[in-house]
Protein chains: 2
Amino acid sequence: MMLGAESLEDLSLGAAFLATGGGGDPYVSYLATREVLEDRGPTELISIDDLDDDAYVVTIGAVGAPSVSLELLPSVDDPEKALLAFEKHVGRTVDAIVSFEIGGGNSLIPLAAASARGVPVVDGDGMGRALPEAQMMTYAIAGVSPTPALALDYAGNVAIFETDSTATYERHIRAMAGAMGGMITAVEHPMTGRQLKHSIVRDTISFSIELGRVLRENRGNAQRIADPLRQAFASSLYGEMFHLYTGKIVDYASSIVGGYDVGQATIESFDRDAPPLTIDIKNEYLVARIGDQVVGSVPDLITVLDYETATPINAERLRYGQRVTVYGIGCPEFYRRPNALAVVEPRCFGFDIDFVPIEELSTHHLDIEG
Amino acid sequence: MMLGAESLEDLSLGAAFLATGGGGDPYVSYLATREVLEDRGPTELISIDDLDDDAYVVTIGAVGAPSVSLELLPSVDDPEKALLAFEKHVGRTVDAIVSFEIGGGNSLIPLAAASARGVPVVDGDGMGRALPEAQMMTYAIAGVSPTPALALDYAGNVAIFETDSTATYERHIRAMAGAMGGMITAVEHPMTGRQLKHSIVRDTISFSIELGRVLRENRGNAQRIADPLRQAFASSLYGEMFHLYTGKIVDYASSIVGGYDVGQATIESFDRDAPPLTIDIKNEYLVARIGDQVVGSVPDLITVLDYETATPINAERLRYGQRVTVYGIGCPEFYRRPNALAVVEPRCFGFDIDFVPIEELSTHHLDIEG
């Protein structure tokens with residue numbers, strides 16, 4: 001299947017939904033990727049089933065604080081430049097590219113790199129959403145070494161990393177992202193087709209395009225969008241979708257801490273007697289509570305939509321007074337496994353709560369009107 | 001000339017003097033280098049005049065906060081491992097090694113790398129002393145690109161840097177030094193013999209051994225050491241040596257800020273009526289004042305000796321109550337040039353004072369007894 005520039009709008013819309021507030025603003029990545037695909041031609045999207053076991057695959061994407069991407073815009077050339085520098089370092093060309101996170105701009109960067117280098121992109125990613133740290137990636141959880149890895153900054157400066165420990169790699173690239181201006185293009189987790197087959201969250205690019213189509217076709221109708229969204233998720237590898245809350249943002253605080261956007265949003269129901277919903281943020285929406293009651297938590301997905309347009313809103317775009325609808329969705333089965341939960345459960349983010357699957361939480365049966 | 005393990009004690013003593021308080025504690029580097037030279041054989045020390053113009057030379061040394069080296073000890077194998085990883089990255093072997101700073105442990109690390117790899121060390125260095133930042137190196141001032149450069153941490157993890165800007169390189173490696181545990185081994189500033197001839201502070205290794213011999217032979221005699229030290233400097237490429245102060249440390253404060261040891265020491269004269277001497281520190285002793293009067297400042301050298309033993313004392317070893325003698329020495333001529341002063345004058349360290357050559361300052365003619 002060939003993905004041309006015309007697919008990118010739906011893809012970036014769906015990816016913004018799956019980004020759960022993080023992943024960077026997809027709009028600038030959309031513009032940059034559209035330019036590459038118009039210039040260099042469509043990207044071939046292949047199923048993981050069609051990838052050779054011995055293929056040499058790398059992941060590529062942006063690393064840093066999403067809020068920085070609002071000001072330090074991604075360059076059209078960076079994905080290709082990063083990939084070329086990586087290939088020079090390892091002394092071989094790559095056979096295919098895969099996204100490390102479908103959420104946000106990182107769903108698009110692999111397409112630009114693949115188009116520019118004339119290699120296919122594998123349909124799927126390493127998160128099924130957006131998550132803030134490298135060791136939370138399915139590839140890392142499945143034991144793929146993060147390096148050799150390469151970071152390219154806005155000025156063409158390069159850093160290359162070699163370590164077998166994903167936690168060490170995460171510390172190193174995070175430090176370099178800070179030193180390199182807050183946002184970098186990273187090529188990492190080189191692996192074989194066989195390794196990718198055991199670790200990919202499959203088909204998330206095509207699902208993201210489908211999700212984007214649903215959002216686009218139902219734009220401007222927050223009341224009616226729940227049903228088509230639920231249907232889309234029902235035929236996906238994600239779990240069930242639940243309406244968590246509808247209301248107005250009355251408080252939003254955020255700061256950049258250690259290279260992350262860290263903050264909290266409070267949403268008040270239009271019905272003033274209902275308790276507010278709070279969302280804790282570390283790049284992504286991680287834990288949603290109504291009063292003291294957790295109604296959704298990482299690794300399950302929490303997504304905030306504009307109430308009027310049904311457009312997903314990234315954490316760094318939250319503003320006082322926005323009217324929003326919040327959904328929760330069960331994560332792909334990979335992240336419900338004990339070895340995955342060990343690195344993505346709420347405690348990994350400093351929250352003193354156990355992970356309870358969203359479908360087992362009792363408070364999600366509020367009506368769409370909140 | 002072959003340098004064996006027996007030369008290292010004088011070398012490290014002289015290098016501690018030239019370190020002007022920084023450069024890391026030379027004792028652990030001394031032990032590690034001695035072990036390498038005993039195991040792998042002496043290092044060949046060659047004059048810059050005997051280096052081929054087309055030789056491929058690299059610098060090697062430790063980068064980080066000197067105080068960290070008191071706890072995170074340098075490994076015997078790190079210089080060789082770092083050099084091997086560097087050679088693998090650039091795809092060629094190096095012909096010779098040169099120190100980037102003669103001050104402190106970084107005078108010894110090149111000898112260990114050279115002995116292990118069987119290549120010569122060029123007599124000289126890139127500072128003539130110790131200085132805290134890469135852009136202050138003579139190589140950088142002369143326009144040598146800092147990269148490709150490589151950092152190796154205590155656990156064998158590697159980071160490689162590529163940038164043409166020394167200021168950028170300094171920011172990147174400083175961030176990585178922090179992420180890699182506070183102290184790393186760096187291979188950097190690859191250059192030709194021709195480039196080195198235009199930038200080296202020559203003969204500082206052999207001078208450091210000579211200086212160490214003078215210190216060793218006059219150990220335990222702070223009164224009498226001034227004359228033989230002055231004679232040694234008089235026949236070197238350094239300027240004149242002046243006695244600045246003798247007294248007792250009554251205040252010393254230091255903290256690690258941005259990967260540097262930053263602090264201030266106050267020394268009170270044994271004669272209580274004299275105003276105290278204060279020394280401002282950023283890894284190195286940078287500015288010495290008696291009262292408000294500057295009596296010595298970077299790039300000229302300020303060195304603190306134990307009053308009883310004439311042993312140089314590094315900044316991270318300063319303690320309340322130590323009795324010390326402070327000397328100032330004119331820096332090598334290279335650092336008096338405008339393009340060098342532009343990156344090493346006191347203003348580059350945040351001090352709002354002009355650089356005045358130490359021999360033009362009027363307050364240095366105190367007697368050795370202070």
# chains A, B, ... in the order shown; residues from 1 in each chain; ligands from 1
>>> interface_residues(of="chain A", to="chain B", cutoff="8 Å", atoms="only C-alpha atoms", output="list in words")
His89, Gly156, Asn157, Val158, Ala159, Ile160, Phe161, Glu162, Thr163, Asp164, Arg171, His172, Ala175, Met176, Ala179 and Met180 of chain A
>>> write_last_selection(atoms="N, CA and C atoms", output="mmCIF file, in the first residue's frame")
data_model
loop_
_atom_site.group_PDB
_atom_site.id
_atom_site.type_symbol
_atom_site.label_atom_id
_atom_site.label_comp_id
_atom_site.auth_asym_id
_atom_site.auth_seq_id
_atom_site.Cartn_x
_atom_site.Cartn_y
_atom_site.Cartn_z
ATOM 1 N N HIS A 89 27.262 5.729 10.158
ATOM 2 C CA HIS A 89 27.893 5.228 11.383
ATOM 3 C C HIS A 89 27.919 3.698 11.422
ATOM 4 N N GLY A 156 22.171 20.416 12.707
ATOM 5 C CA GLY A 156 22.936 19.388 12.016
ATOM 6 C C GLY A 156 24.013 18.745 12.884
ATOM 7 N N ASN A 157 24.101 19.133 14.146
ATOM 8 C CA ASN A 157 25.036 18.477 15.061
ATOM 9 C C ASN A 157 24.541 17.076 15.379
ATOM 10 N N VAL A 158 25.474 16.164 15.618
ATOM 11 C CA VAL A 158 25.133 14.752 15.787
ATOM 12 C C VAL A 158 25.720 14.228 17.097
ATOM 13 N N ALA A 159 24.962 13.366 17.757
ATOM 14 C CA ALA A 159 25.505 12.578 18.877
ATOM 15 C C ALA A 159 25.120 11.129 18.637
ATOM 16 N N ILE A 160 26.048 10.232 18.922
ATOM 17 C CA ILE A 160 25.815 8.803 18.733
ATOM 18 C C ILE A 160 25.960 8.125 20.092
ATOM 19 N N PHE A 161 25.087 7.165 20.369
ATOM 20 C CA PHE A 161 25.058 6.514 21.677
ATOM 21 C C PHE A 161 25.304 5.022 21.513
ATOM 22 N N GLU A 162 26.088 4.480 22.447
ATOM 23 C CA GLU A 162 26.283 3.039 22.476
ATOM 24 C C GLU A 162 26.198 2.550 23.909
ATOM 25 N N THR A 163 25.152 1.803 24.210
ATOM 26 C CA THR A 163 24.970 1.187 25.519
ATOM 27 C C THR A 163 23.957 0.062 25.367
ATOM 28 N N ASP A 164 24.066 -0.957 26.201
ATOM 29 C CA ASP A 164 23.105 -2.054 26.123
ATOM 30 C C ASP A 164 21.903 -1.824 27.017
ATOM 31 N N ARG A 171 18.595 8.012 29.793
ATOM 32 C CA ARG A 171 19.237 9.101 30.541
ATOM 33 C C ARG A 171 20.166 9.901 29.625
ATOM 34 N N HIS A 172 20.891 9.180 28.769
ATOM 35 C CA HIS A 172 21.854 9.856 27.890
ATOM 36 C C HIS A 172 21.145 10.706 26.835
ATOM 37 N N ALA A 175 19.523 13.797 28.306
ATOM 38 C CA ALA A 175 20.503 14.860 28.588
ATOM 39 C C ALA A 175 20.906 15.569 27.296
ATOM 40 N N MET A 176 21.088 14.796 26.234
ATOM 41 C CA MET A 176 21.492 15.407 24.971
ATOM 42 C C MET A 176 20.355 16.214 24.372
ATOM 43 N N ALA A 179 20.639 19.453 25.952
ATOM 44 C CA ALA A 179 21.811 20.210 25.497
ATOM 45 C C ALA A 179 21.675 20.633 24.040
ATOM 46 N N MET A 180 20.840 19.892 23.278
ATOM 47 C CA MET A 180 20.723 20.168 21.846
ATOM 48 C C MET A 180 19.524 21.054 21.519
#
>>> residues_around(residues="Gly321 (chain B)", least_positions_apart="6", cutoff="8 Å", atoms="only C-alpha atoms", output="ChimeraX atom specification")
/B:248-250
>>> residues_around(residues="region 203-206 of chain A", least_positions_apart="4", cutoff="9 Å", atoms="only C-alpha atoms", output="ChimeraX atom specification")
/A:11,14-15,45,47-48,99,102,107,122-125,128-129,210-211,236-237
>>> atom_distance(atom1="CA of Gly291 (chain B)", atom2="CA of Tyr307 (chain B)")
21.3 Å
>>> residues_around(residues="Val262 (chain B)", least_positions_apart="6", cutoff="9 Å", atoms="only C-alpha atoms", output="PDB file with C-alpha atoms, in the first residue's frame")
ATOM      1  CA  ALA B 253      32.760  26.951  50.205  1.00  0.00           C
ATOM      2  CA  SER B 254      32.205  24.809  47.140  1.00  0.00           C
ATOM      3  CA  SER B 255      29.288  23.268  45.282  1.00  0.00           C
ATOM      4  CA  ILE B 256      28.802  21.431  42.013  1.00  0.00           C
ATOM      5  CA  ASP B 280      37.481  32.460  43.274  1.00  0.00           C
ATOM      6  CA  ILE B 281      37.196  28.923  41.914  1.00  0.00           C
ATOM      7  CA  LYS B 282      35.511  27.309  38.931  1.00  0.00           C
ATOM      8  CA  ASN B 283      37.280  23.938  38.918  1.00  0.00           C
ATOM      9  CA  GLU B 284      40.489  26.047  38.838  1.00  0.00           C
TER      10      GLU B 284
END
>>> atom_distance(atom1="CA of Arg317 (chain B)", atom2="CA of Pro26 (chain B)")
11.7 Å
>>> atom_distance(atom1="CA of Pro276 (chain B)", atom2="CA of Val326 (chain B)")
12.1 Å
>>> select_by_dssp(residues="region 119-317 of chain B", states="strand (DSSP E or B)", output="ChimeraX atom specification")
/B:121-122,124-125,149-152,158-162,183-192,201-202,241-257,260-269,277-282,284-290,293-297,301-306,312
>>> residues_around(residues="Gly328 (chain B)", least_positions_apart="2", cutoff="8 Å", atoms="only C-alpha atoms", output="list in words")
Met241, Phe242, His243, Leu244, Gly296, Asp300, Leu301, Ile302, Thr303, Val326, Gly330 and Ile358 of chain B
>>> residues_around(residues="Glu35 (chain B)", least_positions_apart="6", cutoff="9 Å", atoms="only C-alpha atoms", output="tab-separated table (two decimals) with N, CA and C atoms, in the first residue's frame")
chain	number	residue	atom	x	y	z
B	5	ALA	N	57.33	4.16	34.26
B	5	ALA	CA	56.53	4.38	35.47
B	5	ALA	C	57.28	5.26	36.47
B	76	VAL	N	41.84	1.68	35.04
B	76	VAL	CA	43.09	1.41	34.33
B	76	VAL	C	42.85	1.26	32.83
B	112	ALA	N	48.93	6.69	29.50
B	112	ALA	CA	48.34	5.35	29.63
B	112	ALA	C	47.78	4.90	28.29
>>> select_by_dssp(residues="region 83-199 of chain A", states="alpha helix (DSSP H)", output="PyMOL selection string")
chain A and resi 83-90+109-117+138-141+166-179+193-197
>>> write_last_selection(atoms="C-alpha atoms", output="PDB file, in the first residue's frame")
ATOM      1  CA  LEU A  83      18.979   8.381   8.805  1.00  0.00           C
ATOM      2  CA  LEU A  84      21.923   9.054   6.471  1.00  0.00           C
ATOM      3  CA  ALA A  85      24.182   9.867   9.423  1.00  0.00           C
ATOM      4  CA  PHE A  86      23.029   6.679  11.150  1.00  0.00           C
ATOM      5  CA  GLU A  87      23.686   4.558   8.057  1.00  0.00           C
ATOM      6  CA  LYS A  88      27.138   6.097   7.760  1.00  0.00           C
ATOM      7  CA  HIS A  89      27.893   5.228  11.383  1.00  0.00           C
ATOM      8  CA  VAL A  90      26.771   1.589  11.181  1.00  0.00           C
ATOM      9  CA  ILE A 109       8.537  11.389  10.861  1.00  0.00           C
ATOM     10  CA  PRO A 110       9.159   7.753   9.791  1.00  0.00           C
ATOM     11  CA  LEU A 111       7.145   8.384   6.602  1.00  0.00           C
ATOM     12  CA  ALA A 112       9.317  11.361   5.701  1.00  0.00           C
ATOM     13  CA  ALA A 113      12.517   9.402   6.353  1.00  0.00           C
ATOM     14  CA  ALA A 114      11.244   6.414   4.351  1.00  0.00           C
ATOM     15  CA  SER A 115      10.093   8.513   1.409  1.00  0.00           C
ATOM     16  CA  ALA A 116      13.397  10.369   1.250  1.00  0.00           C
ATOM     17  CA  ARG A 117      15.445   7.162   1.459  1.00  0.00           C
ATOM     18  CA  THR A 138       7.573  -2.492  23.275  1.00  0.00           C
ATOM     19  CA  TYR A 139      10.932  -2.925  21.524  1.00  0.00           C
ATOM     20  CA  ALA A 140      12.787  -2.265  24.779  1.00  0.00           C
ATOM     21  CA  ILE A 141      10.397  -4.457  26.767  1.00  0.00           C
ATOM     22  CA  THR A 166      17.722   1.146  27.800  1.00  0.00           C
ATOM     23  CA  ALA A 167      17.551   3.022  31.114  1.00  0.00           C
ATOM     24  CA  THR A 168      21.077   4.334  30.482  1.00  0.00           C
ATOM     25  CA  TYR A 169      20.199   5.216  26.893  1.00  0.00           C
ATOM     26  CA  GLU A 170      17.118   7.077  28.077  1.00  0.00           C
ATOM     27  CA  ARG A 171      19.237   9.101  30.541  1.00  0.00           C
ATOM     28  CA  HIS A 172      21.854   9.856  27.890  1.00  0.00           C
ATOM     29  CA  ILE A 173      19.510  10.892  25.092  1.00  0.00           C
ATOM     30  CA  ARG A 174      17.392  12.944  27.489  1.00  0.00           C
ATOM     31  CA  ALA A 175      20.503  14.860  28.588  1.00  0.00           C
ATOM     32  CA  MET A 176      21.492  15.407  24.971  1.00  0.00           C
ATOM     33  CA  ALA A 177      17.971  16.501  24.011  1.00  0.00           C
ATOM     34  CA  GLY A 178      18.324  19.198  26.645  1.00  0.00           C
ATOM     35  CA  ALA A 179      21.811  20.210  25.497  1.00  0.00           C
ATOM     36  CA  GLY A 193      12.582  -8.225  11.090  1.00  0.00           C
ATOM     37  CA  ARG A 194      12.307 -11.196  13.428  1.00  0.00           C
ATOM     38  CA  GLN A 195      12.809  -9.017  16.504  1.00  0.00           C
ATOM     39  CA  LEU A 196      10.245  -6.541  15.225  1.00  0.00           C
ATOM     40  CA  LYS A 197       7.657  -9.295  14.717  1.00  0.00           C
TER      41      LYS A 197
END
>>> residues_around(residues="Val58 (chain B)", least_positions_apart="5", cutoff="9 Å", atoms="only C-alpha atoms", output="PyMOL selection string")
chain B and resi 83+94-99+187-192
>>> write_last_selection(atoms="N, CA and C atoms", output="PDB file, in the first residue's frame")
ATOM      1  N   LEU B  83      40.147   5.040  23.336  1.00  0.00           N
ATOM      2  CA  LEU B  83      40.897   5.234  22.093  1.00  0.00           C
ATOM      3  C   LEU B  83      40.507   4.176  21.054  1.00  0.00           C
ATOM      4  N   VAL B  94      45.328   5.996  15.186  1.00  0.00           N
ATOM      5  CA  VAL B  94      45.966   7.290  15.408  1.00  0.00           C
ATOM      6  C   VAL B  94      47.480   7.103  15.417  1.00  0.00           C
ATOM      7  N   ASP B  95      48.189   8.155  15.007  1.00  0.00           N
ATOM      8  CA  ASP B  95      49.657   8.083  14.931  1.00  0.00           C
ATOM      9  C   ASP B  95      50.335   8.593  16.202  1.00  0.00           C
ATOM     10  N   ALA B  96      49.662   9.478  16.897  1.00  0.00           N
ATOM     11  CA  ALA B  96      50.255  10.044  18.120  1.00  0.00           C
ATOM     12  C   ALA B  96      49.131  10.619  18.976  1.00  0.00           C
ATOM     13  N   ILE B  97      49.447  10.799  20.254  1.00  0.00           N
ATOM     14  CA  ILE B  97      48.478  11.305  21.222  1.00  0.00           C
ATOM     15  C   ILE B  97      49.052  12.553  21.852  1.00  0.00           C
ATOM     16  N   VAL B  98      48.174  13.503  22.188  1.00  0.00           N
ATOM     17  CA  VAL B  98      48.640  14.691  22.888  1.00  0.00           C
ATOM     18  C   VAL B  98      47.648  15.000  24.002  1.00  0.00           C
ATOM     19  N   SER B  99      48.137  15.562  25.067  1.00  0.00           N
ATOM     20  CA  SER B  99      47.314  15.911  26.217  1.00  0.00           C
ATOM     21  C   SER B  99      46.496  17.153  25.896  1.00  0.00           C
ATOM     22  N   VAL B 187      37.944  11.453  24.010  1.00  0.00           N
ATOM     23  CA  VAL B 187      38.918  11.527  22.910  1.00  0.00           C
ATOM     24  C   VAL B 187      38.380  12.590  21.967  1.00  0.00           C
ATOM     25  N   GLU B 188      39.176  13.612  21.658  1.00  0.00           N
ATOM     26  CA  GLU B 188      38.626  14.739  20.915  1.00  0.00           C
ATOM     27  C   GLU B 188      39.710  15.473  20.140  1.00  0.00           C
ATOM     28  N   HIS B 189      39.284  16.529  19.434  1.00  0.00           N
ATOM     29  CA  HIS B 189      40.206  17.357  18.661  1.00  0.00           C
ATOM     30  C   HIS B 189      41.166  16.549  17.791  1.00  0.00           C
ATOM     31  N   PRO B 190      40.666  15.634  16.970  1.00  0.00           N
ATOM     32  CA  PRO B 190      41.573  14.963  16.033  1.00  0.00           C
ATOM     33  C   PRO B 190      42.148  16.004  15.067  1.00  0.00           C
ATOM     34  N   MET B 191      43.448  15.896  14.801  1.00  0.00           N
ATOM     35  CA  MET B 191      44.087  16.911  13.946  1.00  0.00           C
ATOM     36  C   MET B 191      45.345  16.349  13.299  1.00  0.00           C
ATOM     37  N   THR B 192      45.900  17.112  12.396  1.00  0.00           N
ATOM     38  CA  THR B 192      47.154  16.716  11.751  1.00  0.00           C
ATOM     39  C   THR B 192      48.333  17.229  12.579  1.00  0.00           C
TER      40      THR B 192
END
>>> closest_residue(among="A:Phe233, A:Tyr335, A:Tyr56, A:Tyr327", to="Pro120 (chain A)", atoms="only C-alpha atoms")
A:Tyr56
>>> decode(residues="region 71-100 of chain B", atoms="N, CA and C atoms", output="PDB file, in the first residue's frame")
ATOM      1  N   GLU B  71      35.585  10.136  44.176  1.00  0.00           N
ATOM      2  CA  GLU B  71      34.732   8.994  44.522  1.00  0.00           C
ATOM      3  C   GLU B  71      34.563   8.034  43.353  1.00  0.00           C
ATOM      4  N   LEU B  72      34.451   8.573  42.136  1.00  0.00           N
ATOM      5  CA  LEU B  72      34.330   7.732  40.946  1.00  0.00           C
ATOM      6  C   LEU B  72      35.740   7.618  40.363  1.00  0.00           C
ATOM      7  N   LEU B  73      36.463   6.588  40.771  1.00  0.00           N
ATOM      8  CA  LEU B  73      37.883   6.500  40.426  1.00  0.00           C
ATOM      9  C   LEU B  73      38.080   6.139  38.959  1.00  0.00           C
ATOM     10  N   PRO B  74      39.122   6.702  38.340  1.00  0.00           N
ATOM     11  CA  PRO B  74      39.385   6.362  36.942  1.00  0.00           C
ATOM     12  C   PRO B  74      39.828   4.902  36.837  1.00  0.00           C
ATOM     13  N   SER B  75      39.462   4.269  35.743  1.00  0.00           N
ATOM     14  CA  SER B  75      39.807   2.864  35.556  1.00  0.00           C
ATOM     15  C   SER B  75      41.100   2.745  34.768  1.00  0.00           C
ATOM     16  N   VAL B  76      41.840   1.677  35.036  1.00  0.00           N
ATOM     17  CA  VAL B  76      43.089   1.406  34.327  1.00  0.00           C
ATOM     18  C   VAL B  76      42.847   1.257  32.828  1.00  0.00           C
ATOM     19  N   ASP B  77      41.713   0.676  32.463  1.00  0.00           N
ATOM     20  CA  ASP B  77      41.464   0.331  31.057  1.00  0.00           C
ATOM     21  C   ASP B  77      40.806   1.437  30.248  1.00  0.00           C
ATOM     22  N   ASP B  78      40.237   2.435  30.902  1.00  0.00           N
ATOM     23  CA  ASP B  78      39.404   3.396  30.183  1.00  0.00           C
ATOM     24  C   ASP B  78      40.132   4.140  29.061  1.00  0.00           C
ATOM     25  N   PRO B  79      41.378   4.634  29.283  1.00  0.00           N
ATOM     26  CA  PRO B  79      42.027   5.359  28.178  1.00  0.00           C
ATOM     27  C   PRO B  79      42.170   4.490  26.926  1.00  0.00           C
ATOM     28  N   GLU B  80      42.585   3.233  27.099  1.00  0.00           N
ATOM     29  CA  GLU B  80      42.727   2.352  25.937  1.00  0.00           C
ATOM     30  C   GLU B  80      41.367   2.068  25.295  1.00  0.00           C
ATOM     31  N   LYS B  81      40.367   1.777  26.134  1.00  0.00           N
ATOM     32  CA  LYS B  81      39.032   1.472  25.603  1.00  0.00           C
ATOM     33  C   LYS B  81      38.468   2.657  24.823  1.00  0.00           C
ATOM     34  N   ALA B  82      38.662   3.860  25.367  1.00  0.00           N
ATOM     35  CA  ALA B  82      38.141   5.057  24.697  1.00  0.00           C
ATOM     36  C   ALA B  82      38.834   5.248  23.349  1.00  0.00           C
ATOM     37  N   LEU B  83      40.147   5.040  23.336  1.00  0.00           N
ATOM     38  CA  LEU B  83      40.897   5.234  22.093  1.00  0.00           C
ATOM     39  C   LEU B  83      40.507   4.176  21.054  1.00  0.00           C
ATOM     40  N   LEU B  84      40.341   2.931  21.490  1.00  0.00           N
ATOM     41  CA  LEU B  84      39.924   1.872  20.560  1.00  0.00           C
ATOM     42  C   LEU B  84      38.543   2.173  19.977  1.00  0.00           C
ATOM     43  N   ALA B  85      37.629   2.616  20.816  1.00  0.00           N
ATOM     44  CA  ALA B  85      36.280   2.938  20.332  1.00  0.00           C
ATOM     45  C   ALA B  85      36.330   4.105  19.349  1.00  0.00           C
ATOM     46  N   PHE B  86      37.201   5.074  19.648  1.00  0.00           N
ATOM     47  CA  PHE B  86      37.351   6.214  18.741  1.00  0.00           C
ATOM     48  C   PHE B  86      37.902   5.753  17.392  1.00  0.00           C
ATOM     49  N   GLU B  87      38.952   4.937  17.425  1.00  0.00           N
ATOM     50  CA  GLU B  87      39.564   4.456  16.179  1.00  0.00           C
ATOM     51  C   GLU B  87      38.556   3.655  15.359  1.00  0.00           C
ATOM     52  N   LYS B  88      37.715   2.878  16.053  1.00  0.00           N
ATOM     53  CA  LYS B  88      36.690   2.110  15.349  1.00  0.00           C
ATOM     54  C   LYS B  88      35.710   3.080  14.653  1.00  0.00           C
ATOM     55  N   HIS B  89      35.351   4.142  15.359  1.00  0.00           N
ATOM     56  CA  HIS B  89      34.389   5.085  14.774  1.00  0.00           C
ATOM     57  C   HIS B  89      34.958   5.797  13.554  1.00  0.00           C
ATOM     58  N   VAL B  90      36.189   6.266  13.637  1.00  0.00           N
ATOM     59  CA  VAL B  90      36.743   7.024  12.507  1.00  0.00           C
ATOM     60  C   VAL B  90      37.332   6.105  11.442  1.00  0.00           C
ATOM     61  N   GLY B  91      37.464   4.812  11.766  1.00  0.00           N
ATOM     62  CA  GLY B  91      37.921   3.861  10.755  1.00  0.00           C
ATOM     63  C   GLY B  91      39.407   3.958  10.451  1.00  0.00           C
ATOM     64  N   ARG B  92      40.199   4.454  11.409  1.00  0.00           N
ATOM     65  CA  ARG B  92      41.649   4.480  11.206  1.00  0.00           C
ATOM     66  C   ARG B  92      42.341   4.498  12.569  1.00  0.00           C
ATOM     67  N   THR B  93      43.636   4.188  12.569  1.00  0.00           N
ATOM     68  CA  THR B  93      44.389   4.253  13.819  1.00  0.00           C
ATOM     69  C   THR B  93      45.012   5.631  13.963  1.00  0.00           C
ATOM     70  N   VAL B  94      45.328   5.996  15.186  1.00  0.00           N
ATOM     71  CA  VAL B  94      45.966   7.290  15.408  1.00  0.00           C
ATOM     72  C   VAL B  94      47.480   7.103  15.417  1.00  0.00           C
ATOM     73  N   ASP B  95      48.189   8.155  15.007  1.00  0.00           N
ATOM     74  CA  ASP B  95      49.657   8.083  14.931  1.00  0.00           C
ATOM     75  C   ASP B  95      50.335   8.593  16.202  1.00  0.00           C
ATOM     76  N   ALA B  96      49.662   9.478  16.897  1.00  0.00           N
ATOM     77  CA  ALA B  96      50.255  10.044  18.120  1.00  0.00           C
ATOM     78  C   ALA B  96      49.131  10.619  18.976  1.00  0.00           C
ATOM     79  N   ILE B  97      49.447  10.799  20.254  1.00  0.00           N
ATOM     80  CA  ILE B  97      48.478  11.305  21.222  1.00  0.00           C
ATOM     81  C   ILE B  97      49.052  12.553  21.852  1.00  0.00           C
ATOM     82  N   VAL B  98      48.174  13.503  22.188  1.00  0.00           N
ATOM     83  CA  VAL B  98      48.640  14.691  22.888  1.00  0.00           C
ATOM     84  C   VAL B  98      47.648  15.000  24.002  1.00  0.00           C
ATOM     85  N   SER B  99      48.137  15.562  25.067  1.00  0.00           N
ATOM     86  CA  SER B  99      47.314  15.911  26.217  1.00  0.00           C
ATOM     87  C   SER B  99      46.496  17.153  25.896  1.00  0.00           C
ATOM     88  N   PHE B 100      45.256  17.234  26.406  1.00  0.00           N
ATOM     89  CA  PHE B 100      44.593  18.524  26.226  1.00  0.00           C
ATOM     90  C   PHE B 100      44.842  19.482  27.377  1.00  0.00           C
TER      91      PHE B 100
END
